[in-house]
Every structure is written in structure tokens, then in C-alpha cells.
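Undergrad: Take this structure, written in C-alpha cells, and hold onto it; I'll ask about it next.
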Amino acid sequence: LIPIIGDYYPIERDALLQLRDSVDSPNLHSNWTGPPCMNNQSRWGGIACSDGHVVRLVLDGIHLTGSLPPAFLQNLTLLTKLSLRNNSIFGPLPNLTKHVQLEHVFLSHNLFTGPIPFDYIQLPSLKKMELQQNYLQGEIPPFNQQNLVAFNVSYNSLQGPIPQTDVLQRFPKSSYQHNSGLCGNPLKKRCPVPPTPSICPTPTPPISSKKSFELRNLAFIVAVSVLVPFLVIFGFLWYCKRVHRKETAKNAGSAEKKMSPSPRAEDPERTAELEFFDKNIPVFDLDDLLRASAEVVGKGKFSTTYKATLESGLVVAVKRVKDMNGLSKKEFIQQMHLLGKLRHENLAQIISFYNSKEEKLIIYEFIPNGNLFELLHENRGSGRVPLNWATRLSIIKDVATGTNFLHQYLPSHKVPHANLKSSNVLIHRQNQNYRSKVTDYGYYPLLPSRRSSARLAIGRSPEFSQGKKLTHKADVYCFGVILLEIITGRIPGDEISWANEERVADLSEWVKAVVNDDWSTDILDVEILCAREAHDEMLKLTNLALECTDVAPEKRPKMSEVLRRIEEIEERKSDND
Ligand SMILES: Nc1ncnc2c1ncn2[C@@H]1O[C@H](COP(=O)(O)OP(=O)(O)OP(=O)(O)O)[C@@H](O)[C@H]1O
């Protein structure tokens, strides 16, 4: 029994106040005060009452920003209409288990994430459900309420077969379109055939042994994740110390030298001092580096990168490179001198290096906010802040600018960058702006063989796999792949085309297949799908990316041309804004 005070139910008022206080809205605070219902009417914007109960909640397009309080609707059980269209509400869809009178659920054009709750199929009075233009994931539950006359889940990230219920099958294709993982009718898109069971059945372990196996795995993972970073840092410091000790022994008698670009300092075998390329950076030596607190920030195919905080407070990134030990000291130093001179706001700057027979360290400026790969692909799902189109476009421009700079300044390099991929695009956030810097450039001449270069990003280019000559255009290819990754939100080499039930390992092949099938916007990352005004730019950039990833290197545009076309698109955008 819910008590009534005057004309309204306090429990319902509290629920509405919870909503008011948890979402940002310019209007609700001034308007939602006093009793919500009086004489069966409401002075509160968006509320309608009947018998003292709140029966409608309609807050369309009023700039609500935030997530819904978890259980606020549990005390508004007599709602017949819930409409929150065209806002910026994020988080999961609301729980509606007790709402037996609910007829209209309009939650479209928001930022909702997660699945459509299964118990929505038990809303007995449901007539209309609009969930389009959100970021919903998972499968569509089998709605079959006979009164359901409108249903729309288009422009989401739903997956799997559309349930074959009578009710869901009577809605048109447009109710389901633009969910790249949905299949079946009415979309007329065949669902992938599940893999056939193996001919040799593998014995299933009994449940108890399965459980203990999982527990053992868990314990192992925990132990590894605690121990490995510790051992790696410890190993790194111990190793550097050992190298340093050896060299000090070798150089016994030689006086400690000051850091300066003197010829002697160019011989790191004889000194632990480091050579600096930028006069504005405070100098430090190997001892300072060894005393620094270090943590692993990432491990790649032929390097491990540490964040080192020196006692002076200076933070640097130290890349410990493997696989270059066959290289002569002279070659390594020459290349470092060449790369250390490069200065550009879209290149991570090399500030120093260390070279000995056993150890090669390249010291970079530290870029604090992770890399593009993480920004695009990590934490997908609930709680993620979508990466909007304007930000993506500015990253594209930065990467193109940095790469073009390398092409201008290293013309004699066969492939000036050679390892251009999203994890090598580092991100620096300044307030709301993201600036990007390209890193890991200029390694191609340092690697001992073509075989070891296969681990660089250019190893994925068609000319590399065909054993053909490499040119600057291999970088253009890699840039095209990044462009496609930004536009589609997909990880290269991890694509499934459900249309023809084929797995394709190449992002540009997948995009070409989808575009040929005439679902052009289906390639777009769901996070940018709603930015309709920018679809034209996205499609132009997709075409540019496809040119960049052309199998024939000579047909790809030069990097300067790529940059020019991106700038043109960007300028047109700012004219229109
Ligand atoms: N200058 C830097 N500042 C901050 N973080 C960095 C810097 N350089 C690299 N990192 C981080 O360290 C991670 C590992 O880098 P690393 O170059 O060792 O491997 P990778 O680029 O991921 O792979 P690979 O070596 O196979 O190309 C990067 O993904 C990046 O997030």
C-alpha cells in the first residue's frame, strides 16, 4: 500500500527527484518542485497524472545528459508512456519488470549501451517500442506481444539472428537496418552457419574438474599478472646495471664525462653518459635512468617500453629494442642522429639513446594518454564514452601530417616510417582536444633482414608479402589501414563479413565487399553513425583509404596528396560548421 499525501504519492515524487538529480538538465531543476500531481494534473514539465499517480513521463529532446538512476522506475509502476527520445542518456536501458500498463517505450536517439533486457518481452500492454540510434549490443529478445504495432531497433550494434516470432517478422527491414551484426529476415541477410562439431569429439571434463581447472587458471593469471611486471622491471634495472658495471670496468681510469655532443660522447661503449638531441631537455645519464622508478607501458614485437620517472621529476619513455644486435654501432648511432634531429608536433620526439653491444635503448618524450588502438577498441560496451567524428578527423589529420613530414625529411629512406599502425599513434589530451603523435618511425634500416621486417606494419602490405620492392607507398598502405580502422571501428585482421559468410583477414577487402553490396553506411563505426551531417566526409575518406590500400603501390596517392585531400575535407567541414 503506497501512502498518498494530498494529491500525490511521495514514493513516486522521490523517484522523479532521483531522476532530476542524477541527470544534467537545464530545465528540470527549476520546474520539478512541489507536488508532482495536483487535482490529477501536473505542473511538472513532462509529467501526466491520473488518480494521483504519475502515468506519463515524456522528456524528449531536453538535453538530458547522464545515466538513469538504477531503480527509479521501480516506484513508477503505473506508467503508460515512457518517452526520453533525443537526449544524451548513457548506460543500460531501464529495468521495466513491474510495468504492466506500459504501452509506449520511446528511448531512441540516445547513448544507451548494453543489451535489450530480456524481460521487456513480458510487458503485457506494450504497443510501441522505439530504441533506434543508440549503442545497444547483444541479441534481440523474442518479442511476441500481439498488441505491438511499432518496433524499431535500427542504428545500434545488435547481433545475431532476428527472432522468428510472428510479431517481429511483420515489421519492415528499416526497423532493423544498420546493425552490422544482425541477420535473418526481414533483413534478408543470411546468418553465419555455426561451425560444425569436430569429427573427433574431445572428452568433456567433469564439471568439478572443469571448475578446478578454471580456478587453477585464475590463480595462474593472477600470479602471472602480479609477478611479470615486477620481474620485467627488476630484470630491466638489473640488466642495465650489469651493462653499466661492465662498461665502467672497461673504462676504468677514464674520468666521468659531462653530457655534451663531443666526439667522445658519440662512443657509448666508453661511457654511460647519454647524448641529447634537444638543448631544452634537462640532461641525465644512465645512472639517473637506473635510479628512476620504471613501469612497463607496453610490449611490442621487438621492443618493450617503460615509463621512467627520474628523481628530477622528468618523465620519459624508454624503449628497449631487441633484434638490432647484429647492427654495427656506427649504423645505429648514425640512424639515431638522423632521427633525433626530426622535430614536428605530430612526431614523438627522440630525446636520447643508449647503445652498447648488448643493449639498445631509445629514449622518447613521454606522451601521456595511451594510443589510438586503445582509444578505438578498448572498453567497448557500457560506460564507454564514444569517440566522436570531430576527434577522429583531427587524429586522421595529425597522423597524415606527421607521416607526410617523415616522407619529406627522409626522402632517401625506402620506407620512412615502416611501422605505422594504431598502437604507434600516441595520444595527448589537452582539455577536450586530442592531439596525436606518430612514433616508432625510421626502424626499417635498423632491422637485420627482410624476415625480421615482416614484424613491422609494412609486413602486411601486398608488396611485402609478394616479395616485391618496398617504397614510400608501403607507408601509404599502412596509413590507409589506420584510416579504415578509425572509420569502421574494426581491428585490422579481425573482420567477419556476415554477408557472404566469409572470414576476411584484410580490412580493406572487407570494406570493399560491403561497399560493393551497397550498404555503404554499414561499414561505419556505430559510434559515428549518428553524425549524419558528416557521412559525406566519412565516405570521401573511405574512398581515400581504399585508394591508399590499393594492391598496386603505384596506384596509391603520395602522402602529400593524401594530406592535401584530408585538409580539403576538413576545410569544407569548417566552412559548413
Ligand atoms: N613515447 C611514448 N610515450 C608514452 N607511451 C608510449 C611511448 N612509446 C610507446 N608507448 C606505449 O608503449 C606501448 C608499447 O610500445 P612498443 O613500441 O614497445 O610496442 P608496440 O608499438 O605496441 O608494438 P611493436 O613494437 O610490435 O611495433 C605502445 O603501444 C604505447 O602505448
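Going by the C-alpha cells order, chains are called A, B, ..., each with residues numbered from 1, while ligands are numbered from 1 in the order shown.
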With only C-alpha atoms and all ligand atoms counted, collect every polymer residue having an atom within 10 Å of ligand 1; state the result as a VMD selection string.
TA: chain A and resid 296 to 307 315 to 322 347 to 350 362 to 374 418 to 428 437 to 441 443 455 to 457
Undergrad: Please produce, as a Markdown table, a per-residue contact table for region 315-399 of chain A versus region 105-127 of chain A (criterion: any atom at most 9 Å away, only C-alpha atoms considered), showing the nearest atom pair and its distance in Å to one decimal, sorted by chain then residue number.
TA:
```
| residue | atom | partner | partner_atom | distance |
| --- | --- | --- | --- | --- |
| A:Gly381 | CA | A:Thr113 | CA | 6.2 |
| A:Ser382 | CA | A:Thr113 | CA | 5.1 |
| A:Gly383 | CA | A:Thr113 | CA | 7.7 |
| A:Arg384 | CA | A:Thr113 | CA | 8.6 |
| A:Pro386 | CA | A:Leu111 | CA | 8.6 |
```
Undergrad: Region 325-404 of chain A: which residues are alpha helix (DSSP H) by DSSP, as an MDAnalysis selection string?
TA: chainID A and resid 329:340 372:377 389:404
Undergrad: Using C-alpha atoms, can you export the residues from the last selection as a PDB file, in the first residue's frame?
TA:
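Below is the file that was written, result.pdb:
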```pdb
ATOM      1  CA  LYS A 329      77.476   0.593 -33.578  1.00  0.00           C
ATOM      2  CA  LYS A 330      78.096   3.109 -36.340  1.00  0.00           C
ATOM      3  CA  GLU A 331      74.910   2.289 -38.204  1.00  0.00           C
ATOM      4  CA  PHE A 332      72.787   2.548 -35.074  1.00  0.00           C
ATOM      5  CA  ILE A 333      74.319   5.838 -33.978  1.00  0.00           C
ATOM      6  CA  GLN A 334      74.025   7.358 -37.446  1.00  0.00           C
ATOM      7  CA  GLN A 335      70.374   6.456 -37.657  1.00  0.00           C
ATOM      8  CA  MET A 336      69.705   7.835 -34.166  1.00  0.00           C
ATOM      9  CA  HIS A 337      71.408  11.094 -35.113  1.00  0.00           C
ATOM     10  CA  LEU A 338      69.266  11.377 -38.180  1.00  0.00           C
ATOM     11  CA  LEU A 339      66.019  10.595 -36.342  1.00  0.00           C
ATOM     12  CA  GLY A 340      66.965  12.679 -33.300  1.00  0.00           C
ATOM     13  CA  LEU A 372      44.913   5.157 -30.826  1.00  0.00           C
ATOM     14  CA  PHE A 373      44.400   1.397 -30.702  1.00  0.00           C
ATOM     15  CA  GLU A 374      43.294   1.633 -27.064  1.00  0.00           C
ATOM     16  CA  LEU A 375      41.155   4.685 -27.775  1.00  0.00           C
ATOM     17  CA  LEU A 376      39.305   2.956 -30.607  1.00  0.00           C
ATOM     18  CA  HIS A 377      38.907  -0.571 -29.337  1.00  0.00           C
ATOM     19  CA  TRP A 389      33.735  12.147 -35.508  1.00  0.00           C
ATOM     20  CA  ALA A 390      35.397  15.538 -34.978  1.00  0.00           C
ATOM     21  CA  THR A 391      38.025  13.905 -32.751  1.00  0.00           C
ATOM     22  CA  ARG A 392      38.582  11.091 -35.231  1.00  0.00           C
ATOM     23  CA  LEU A 393      39.028  13.583 -38.047  1.00  0.00           C
ATOM     24  CA  SER A 394      41.604  15.568 -36.099  1.00  0.00           C
ATOM     25  CA  ILE A 395      43.533  12.352 -35.331  1.00  0.00           C
ATOM     26  CA  ILE A 396      43.452  11.402 -39.023  1.00  0.00           C
ATOM     27  CA  LYS A 397      44.853  14.818 -39.933  1.00  0.00           C
ATOM     28  CA  ASP A 398      47.603  14.603 -37.276  1.00  0.00           C
ATOM     29  CA  VAL A 399      48.712  11.137 -38.409  1.00  0.00           C
ATOM     30  CA  ALA A 400      48.742  12.207 -42.056  1.00  0.00           C
ATOM     31  CA  THR A 401      50.699  15.369 -41.198  1.00  0.00           C
ATOM     32  CA  GLY A 402      53.320  13.505 -39.145  1.00  0.00           C
ATOM     33  CA  THR A 403      53.737  10.813 -41.787  1.00  0.00           C
ATOM     34  CA  ASN A 404      53.973  13.350 -44.599  1.00  0.00           C
TER      35      ASN A 404
END
```
Undergrad: So which one's closest to Pro416 (chain A), A:Cys183, A:Met559, A:Leu290, A:Val385? Using only C-alpha atoms, please.
TA: A:Met559
Undergrad: For Tyr8 (chain A), work out the shell of residues within 9 Å, counting only C-alpha atoms and skipping chain neighbours fewer than 5 positions away, then give it as a VMD selection string.
TA: chain A and resid 3 13 35 to 38 40 49 51 to 54
Undergrad: Excluding same-chain residues fewer than 3 positions from Met324 (chain A), what lies within 7 Å of it counting only C-alpha atoms, as a list of chain:residue names?
TA: A:Leu327, A:Leu446, A:Leu447, A:Pro448
